[in-house]
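Shown next: data_36.cif, containing mmCIF, C-alpha atoms; chains and numbers go by the auth columns.
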data_entry
#
loop_
_atom_site.group_PDB
_atom_site.id
_atom_site.type_symbol
_atom_site.label_atom_id
_atom_site.label_comp_id
_atom_site.label_asym_id
_atom_site.label_seq_id
_atom_site.Cartn_x
_atom_site.Cartn_y
_atom_site.Cartn_z
_atom_site.B_iso_or_equiv
_atom_site.auth_seq_id
_atom_site.auth_asym_id
ATOM 1 C CA MET A 1 -32.295 -8.270 24.730 0.00 1 H
ATOM 2 C CA ASP A 2 -33.921 -5.034 23.704 0.00 2 H
ATOM 3 C CA TRP A 3 -31.834 -4.110 20.655 0.00 3 H
ATOM 4 C CA SER A 4 -33.380 -0.647 20.512 0.00 4 H
ATOM 5 C CA LYS A 5 -31.519 0.215 23.735 0.00 5 H
ATOM 6 C CA VAL A 6 -28.061 -0.659 22.440 0.00 6 H
ATOM 7 C CA GLN A 7 -25.849 2.407 22.244 0.00 7 H
ATOM 8 C CA TRP A 8 -24.753 1.753 18.649 0.00 8 H
ATOM 9 C CA THR A 9 -22.740 4.972 18.413 0.00 9 H
ATOM 10 C CA ASN A 10 -20.779 4.433 21.619 0.00 10 H
ATOM 11 C CA PRO A 11 -17.088 3.821 20.834 0.00 11 H
ATOM 12 C CA LEU A 12 -16.957 1.224 23.613 0.00 12 H
ATOM 13 C CA ASN A 13 -19.494 -0.818 21.669 0.00 13 H
ATOM 14 C CA TRP A 14 -17.402 -0.325 18.555 0.00 14 H
ATOM 15 C CA LEU A 15 -14.397 -1.793 20.389 0.00 15 H
ATOM 16 C CA TYR A 16 -16.461 -4.750 21.499 0.00 16 H
ATOM 17 C CA ARG A 17 -18.023 -5.448 18.101 0.00 17 H
ATOM 18 C CA GLU A 18 -14.701 -5.239 16.270 0.00 18 H
ATOM 19 C CA GLY A 19 -13.117 -7.481 18.887 0.00 19 H
ATOM 20 C CA ILE A 20 -15.874 -10.059 18.415 0.00 20 H
ATOM 21 C CA ALA A 21 -15.487 -9.868 14.631 0.00 21 H
ATOM 22 C CA THR A 22 -11.729 -10.413 14.878 0.00 22 H
ATOM 23 C CA ASP A 23 -12.145 -13.290 17.301 0.00 23 H
ATOM 24 C CA LEU A 24 -14.673 -15.025 15.057 0.00 24 H
ATOM 25 C CA SER A 25 -12.443 -14.442 12.021 0.00 25 H
ATOM 26 C CA ARG A 26 -9.590 -16.094 13.874 0.00 26 H
ATOM 27 C CA GLN A 27 -11.782 -19.139 14.497 0.00 27 H
ATOM 28 C CA VAL A 28 -12.923 -19.421 10.889 0.00 28 H
ATOM 29 C CA VAL A 29 -9.627 -18.797 9.100 0.00 29 H
ATOM 30 C CA ASP A 30 -6.237 -19.802 10.483 0.00 30 H
ATOM 31 C CA LEU A 31 -3.765 -17.354 8.977 0.00 31 H
ATOM 32 C CA MET A 32 0.011 -17.372 8.877 0.00 32 H
ATOM 33 C CA HIS A 33 0.496 -14.189 10.905 0.00 33 H
ATOM 34 C CA PRO A 34 -2.018 -12.546 13.275 0.00 34 H
ATOM 35 C CA SER A 35 -1.518 -9.144 11.662 0.00 35 H
ATOM 36 C CA ILE A 36 -3.657 -10.237 8.720 0.00 36 H
ATOM 37 C CA TYR A 37 -6.774 -10.214 10.929 0.00 37 H
ATOM 38 C CA PHE A 38 -6.270 -6.459 11.233 0.00 38 H
ATOM 39 C CA SER A 39 -4.706 -5.435 7.922 0.00 39 H
ATOM 40 C CA TYR A 40 -6.394 -8.048 5.713 0.00 40 H
ATOM 41 C CA ASN A 41 -3.189 -8.370 3.708 0.00 41 H
ATOM 42 C CA ASP A 42 0.460 -9.279 4.216 0.00 42 H
ATOM 43 C CA GLU A 43 1.537 -5.702 4.953 0.00 43 H
ATOM 44 C CA GLY A 44 0.389 -5.423 8.556 0.00 44 H
ATOM 45 C CA LYS A 45 3.311 -6.968 10.429 0.00 45 H
ATOM 46 C CA ASP A 46 4.855 -3.593 11.342 0.00 46 H
ATOM 47 C CA TRP A 47 1.437 -2.350 12.507 0.00 47 H
ATOM 48 C CA TYR A 48 0.910 -5.462 14.624 0.00 48 H
ATOM 49 C CA ASP A 49 4.418 -5.386 16.083 0.00 49 H
ATOM 50 C CA PHE A 50 3.924 -1.724 17.012 0.00 50 H
ATOM 51 C CA ALA A 51 0.554 -2.449 18.624 0.00 51 H
ATOM 52 C CA GLN A 52 1.948 -5.308 20.703 0.00 52 H
ATOM 53 C CA ALA A 53 4.988 -3.313 21.792 0.00 53 H
ATOM 54 C CA ASN A 54 2.881 -0.289 22.754 0.00 54 H
ATOM 55 C CA THR A 55 -0.319 -1.835 24.058 0.00 55 H
ATOM 56 C CA THR A 56 -0.351 0.043 27.358 0.00 56 H
ATOM 57 C CA LYS A 57 0.289 3.413 25.694 0.00 57 H
ATOM 58 C CA ILE A 58 -2.347 2.759 23.045 0.00 58 H
ATOM 59 C CA LYS A 59 -4.893 1.697 25.621 0.00 59 H
ATOM 60 C CA GLN A 60 -4.199 4.751 27.799 0.00 60 H
ATOM 61 C CA ALA A 61 -4.440 7.091 24.814 0.00 61 H
ATOM 62 C CA PHE A 62 -7.746 5.603 23.688 0.00 62 H
ATOM 63 C CA ASN A 63 -9.095 5.891 27.234 0.00 63 H
ATOM 64 C CA GLU A 64 -8.068 9.547 27.415 0.00 64 H
ATOM 65 C CA ASP A 65 -9.553 10.309 24.004 0.00 65 H
ATOM 66 C CA TYR A 66 -12.778 8.503 24.899 0.00 66 H
ATOM 67 C CA LYS A 67 -13.226 10.897 27.803 0.00 67 H
ATOM 68 C CA VAL A 68 -12.718 14.119 25.835 0.00 68 H
ATOM 69 C CA LEU A 69 -13.284 13.634 22.103 0.00 69 H
ATOM 70 C CA THR A 70 -16.548 13.466 20.190 0.00 70 H
ATOM 71 C CA THR A 71 -17.621 10.146 18.720 0.00 71 H
ATOM 72 C CA GLU A 72 -16.742 11.449 15.266 0.00 72 H
ATOM 73 C CA GLU A 73 -13.222 12.362 16.400 0.00 73 H
ATOM 74 C CA ILE A 74 -12.767 8.976 18.058 0.00 74 H
ATOM 75 C CA PHE A 75 -14.001 7.178 14.967 0.00 75 H
ATOM 76 C CA HIS A 76 -11.635 9.118 12.743 0.00 76 H
ATOM 77 C CA GLU A 77 -8.533 8.673 14.904 0.00 77 H
ATOM 78 C CA TRP A 78 -9.069 5.135 16.161 0.00 78 H
ATOM 79 C CA PHE A 79 -11.287 3.249 13.682 0.00 79 H
ATOM 80 C CA SER A 80 -10.882 4.906 10.287 0.00 80 H
ATOM 81 C CA ILE A 81 -8.257 4.090 7.677 0.00 81 H
ATOM 82 C CA ASN A 82 -7.797 7.864 7.447 0.00 82 H
ATOM 83 C CA GLY A 83 -6.882 8.241 11.125 0.00 83 H
ATOM 84 C CA GLY A 84 -3.814 7.314 13.082 0.00 84 H
ATOM 85 C CA ARG A 85 -2.204 10.686 13.658 0.00 85 H
ATOM 86 C CA LYS A 86 -1.534 10.001 17.329 0.00 86 H
ATOM 87 C CA PHE A 87 0.786 7.025 16.788 0.00 87 H
ATOM 88 C CA GLY A 88 1.264 6.978 13.025 0.00 88 H
ATOM 89 C CA TYR A 89 -0.848 3.833 12.630 0.00 89 H
ATOM 90 C CA ASN A 90 -4.559 3.804 11.834 0.00 90 H
ATOM 91 C CA ARG A 91 -7.324 1.577 13.188 0.00 91 H
ATOM 92 C CA LEU A 92 -5.555 0.728 16.455 0.00 92 H
ATOM 93 C CA ALA A 93 -8.935 0.411 18.145 0.00 93 H
ATOM 94 C CA TYR A 94 -9.351 -2.906 16.349 0.00 94 H
ATOM 95 C CA PHE A 95 -6.334 -4.226 18.230 0.00 95 H
ATOM 96 C CA LEU A 96 -7.778 -2.961 21.515 0.00 96 H
ATOM 97 C CA GLY A 97 -11.141 -4.522 20.766 0.00 97 H
ATOM 98 C CA ASP A 98 -9.508 -7.862 20.079 0.00 98 H
ATOM 99 C CA LEU A 99 -7.485 -7.568 23.255 0.00 99 H
ATOM 100 C CA PHE A 100 -10.594 -6.847 25.325 0.00 100 H
ATOM 101 C CA VAL A 101 -12.577 -9.715 23.804 0.00 101 H
ATOM 102 C CA ARG A 102 -9.743 -12.187 24.298 0.00 102 H
ATOM 103 C CA LYS A 103 -9.363 -11.187 27.927 0.00 103 H
ATOM 104 C CA TYR A 104 -13.106 -11.298 28.565 0.00 104 H
ATOM 105 C CA LYS A 105 -13.412 -14.628 26.791 0.00 105 H
ATOM 106 C CA GLY A 106 -10.601 -16.058 28.908 0.00 106 H
ATOM 107 C CA LYS A 107 -12.516 -15.151 32.058 0.00 107 H
ATOM 108 C CA HIS A 108 -16.117 -15.790 31.000 0.00 108 H
ATOM 109 C CA GLY A 109 -16.071 -18.170 28.027 0.00 109 H
ATOM 110 C CA GLU A 110 -17.129 -17.738 24.430 0.00 110 H
ATOM 111 C CA ILE A 111 -20.937 -17.658 24.720 0.00 111 H
ATOM 112 C CA ALA A 112 -20.871 -15.203 27.627 0.00 112 H
ATOM 113 C CA THR A 113 -18.490 -13.001 25.639 0.00 113 H
ATOM 114 C CA ILE A 114 -20.587 -12.992 22.474 0.00 114 H
ATOM 115 C CA THR A 115 -23.734 -12.146 24.461 0.00 115 H
ATOM 116 C CA ALA A 116 -22.081 -9.793 26.960 0.00 116 H
ATOM 117 C CA TRP A 117 -23.607 -6.635 25.558 0.00 117 H
ATOM 118 C CA LYS A 118 -27.031 -7.687 26.848 0.00 118 H
ATOM 119 C CA ASP A 119 -25.755 -6.696 30.310 0.00 119 H
ATOM 120 C CA PRO A 120 -26.764 -3.061 31.001 0.00 120 H
ATOM 121 C CA ALA A 121 -23.413 -2.458 32.723 0.00 121 H
ATOM 122 C CA PHE A 122 -21.347 -3.853 29.879 0.00 122 H
ATOM 123 C CA GLU A 123 -20.054 -0.481 28.692 0.00 123 H
ATOM 124 C CA VAL A 124 -18.944 0.195 32.261 0.00 124 H
ATOM 125 C CA ASN A 125 -16.980 -3.076 32.171 0.00 125 H
ATOM 126 C CA ILE A 126 -15.180 -1.991 29.010 0.00 126 H
ATOM 127 C CA ALA A 127 -14.437 1.447 30.486 0.00 127 H
ATOM 128 C CA GLN A 128 -13.004 -0.202 33.605 0.00 128 H
ATOM 129 C CA TRP A 129 -10.848 -2.464 31.459 0.00 129 H
ATOM 130 C CA LEU A 130 -9.513 0.576 29.613 0.00 130 H
ATOM 131 C CA SER A 131 -8.425 2.021 32.955 0.00 131 H
ATOM 132 C CA GLN A 132 -6.478 -1.098 33.956 0.00 132 H
ATOM 133 C CA GLU A 133 -2.826 -1.380 33.096 0.00 133 H
ATOM 134 C CA GLY A 134 -0.436 -4.120 32.129 0.00 134 H
ATOM 135 C CA GLU A 135 -2.157 -7.416 32.806 0.00 135 H
ATOM 136 C CA ASP A 136 -3.750 -7.898 29.410 0.00 136 H
ATOM 137 C CA ILE A 137 -0.871 -7.900 26.987 0.00 137 H
ATOM 138 C CA TYR A 138 -0.794 -11.102 24.990 0.00 138 H
ATOM 139 C CA VAL A 139 1.714 -12.594 22.611 0.00 139 H
ATOM 140 C CA GLU A 140 0.750 -14.815 19.679 0.00 140 H
#

Translate the structure described by the file into structure tokens.
Amino acid sequence: MDWSKVQWTNPLNWLYREGIATDLSRQVVDLMHPSIYFSYNDEGKDWYDFAQANTTKIKQAFNEDYKVLTTEEIFHEWFSINGGRKFGYNRLAYFLGDLFVRKYKGKHGEIATITAWKDPAFEVNIAQWLSQEGEDIYVE
């Protein structure tokens, strides 16, 4: 892989990388409630419950924002602890990234998922996933 060609500032890559990080964290540390992988403390249950109950809306909103906002605006709203104005919860992109990685891993396996970004069309795959509805909601 030519690492110099990776689009490091593309929010689709951010989704992927955060999803991989969450997936690997889940494998290393088995926690009591899945919300801790996102909040890193015991206070994330409401956040997690909201994300699960509103997955389709969150995914659609991220997809819409990805098409019209700058990378800085996307980072602030979707990845930053200072964001979250759209739904009242910050860092919801981490949930989406985990969702994408889990779905991809279910179809392609772990190694193919971890190395997926070597495929030149990988960002297109993530964008297509963002456009799909309904089939990727999971329950812990």

- prompt: Separation of atom CA of Leu12 of chain H and atom CA of Arg102 of chain H, in Å?
  reply: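 Between atom CA of Leu12 of chain H and atom CA of Arg102 of chain H the gap is 15.2 Å.
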
task: Could you check which of H:Ala61, H:Ala21, H:Ile126, H:Leu92 is closest to Trp78 of chain H, using all atoms listed in the file?
output: H:Leu92

- request: Would you work out the distance separating atom CA of Asp49 of chain H from atom CA of Leu96 of chain H, expressed in Å to one decimal?
  value: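 Atom-to-atom, atom CA of Asp49 of chain H to atom CA of Leu96 of chain H, that is 13.6 Å.
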
- prompt: Around (-22.3, -0.8, 22.5) in the file's own coordinates, what residues are found within 10 Å if you use only C-alpha atoms, given back as a list in words?
  reply: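 Residues found, by chain and rising number: Lys5, Val6, Gln7, Trp8, Thr9, Asn10, Pro11, Leu12, Asn13, Trp14, Leu15, Tyr16, Arg17, Trp117, Lys118, Pro120, Phe122, Glu123 and Ile126 of chain H.
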
May I have the residues from that selection written out with C-alpha atoms, as a PDB file, keeping the file's coordinate frame?
ATOM      1  CA  LYS H   5     -31.519   0.215  23.735  1.00  0.00           C
ATOM      2  CA  VAL H   6     -28.061  -0.659  22.440  1.00  0.00           C
ATOM      3  CA  GLN H   7     -25.849   2.407  22.244  1.00  0.00           C
ATOM      4  CA  TRP H   8     -24.753   1.753  18.649  1.00  0.00           C
ATOM      5  CA  THR H   9     -22.740   4.972  18.413  1.00  0.00           C
ATOM      6  CA  ASN H  10     -20.779   4.433  21.619  1.00  0.00           C
ATOM      7  CA  PRO H  11     -17.088   3.821  20.834  1.00  0.00           C
ATOM      8  CA  LEU H  12     -16.957   1.224  23.613  1.00  0.00           C
ATOM      9  CA  ASN H  13     -19.494  -0.818  21.669  1.00  0.00           C
ATOM     10  CA  TRP H  14     -17.402  -0.325  18.555  1.00  0.00           C
ATOM     11  CA  LEU H  15     -14.397  -1.793  20.389  1.00  0.00           C
ATOM     12  CA  TYR H  16     -16.461  -4.750  21.499  1.00  0.00           C
ATOM     13  CA  ARG H  17     -18.023  -5.448  18.101  1.00  0.00           C
ATOM     14  CA  TRP H 117     -23.607  -6.635  25.558  1.00  0.00           C
ATOM     15  CA  LYS H 118     -27.031  -7.687  26.848  1.00  0.00           C
ATOM     16  CA  PRO H 120     -26.764  -3.061  31.001  1.00  0.00           C
ATOM     17  CA  PHE H 122     -21.347  -3.853  29.879  1.00  0.00           C
ATOM     18  CA  GLU H 123     -20.054  -0.481  28.692  1.00  0.00           C
ATOM     19  CA  ILE H 126     -15.180  -1.991  29.010  1.00  0.00           C
TER      20      ILE H 126
END

- request: For Asp23 of chain H, list every protein, DNA or RNA residue within 10 Å, evaluated using all atoms listed in the file, and leave out those in the same chain fewer than 6 positions away; present the list as a list in words.
  value: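 Residues meeting the cut-off are Arg17, Tyr37, Gly97, Asp98, Leu99, Val101, Arg102, Lys105, Glu110 and Ile114 of chain H.
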
Atom pair atom CA of Glu72 of chain H / atom CA of Val124 of chain H: separation (Å):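 Going from atom CA of Glu72 of chain H over to atom CA of Val124 of chain H, I get 20.5 Å.
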
- request: Starting from the point (-4.8, 3.4, 31.0), work out which residues of protein, DNA or RNA have an atom no more than 7 Å away when counting only C-alpha atoms; state them as a PyMOL selection string.
  value: chain H and resi 56+59-60+63+130-133

query: Quick one: of H:Ala112, H:Lys86, H:Met1, H:Arg91, who's nearest to Tyr48 of chain H, counting only C-alpha atoms?
result: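 When distances to Tyr48 of chain H are compared using only C-alpha atoms, the smallest one comes from H:Arg91.
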
Enclose all atoms of segment 104-119 of chain H listed in the file in an axis-aligned box, grow every side by 8 Å, and hand back centre and edge lengths in Å to one decimal, as AutoDock Vina command-line options.
--center_x -18.8 --center_y -12.4 --center_z 27.3 --size_x 32.4 --size_y 27.5 --size_z 25.6

message: Considering all atoms listed in the file, can you say which of H:Ala53, H:Ala93, H:Ala127, H:Ile111 comes closest to Phe38 of chain H?
response: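 Checking each candidate against Phe38 of chain H, we get H:Ala93 as the closest.
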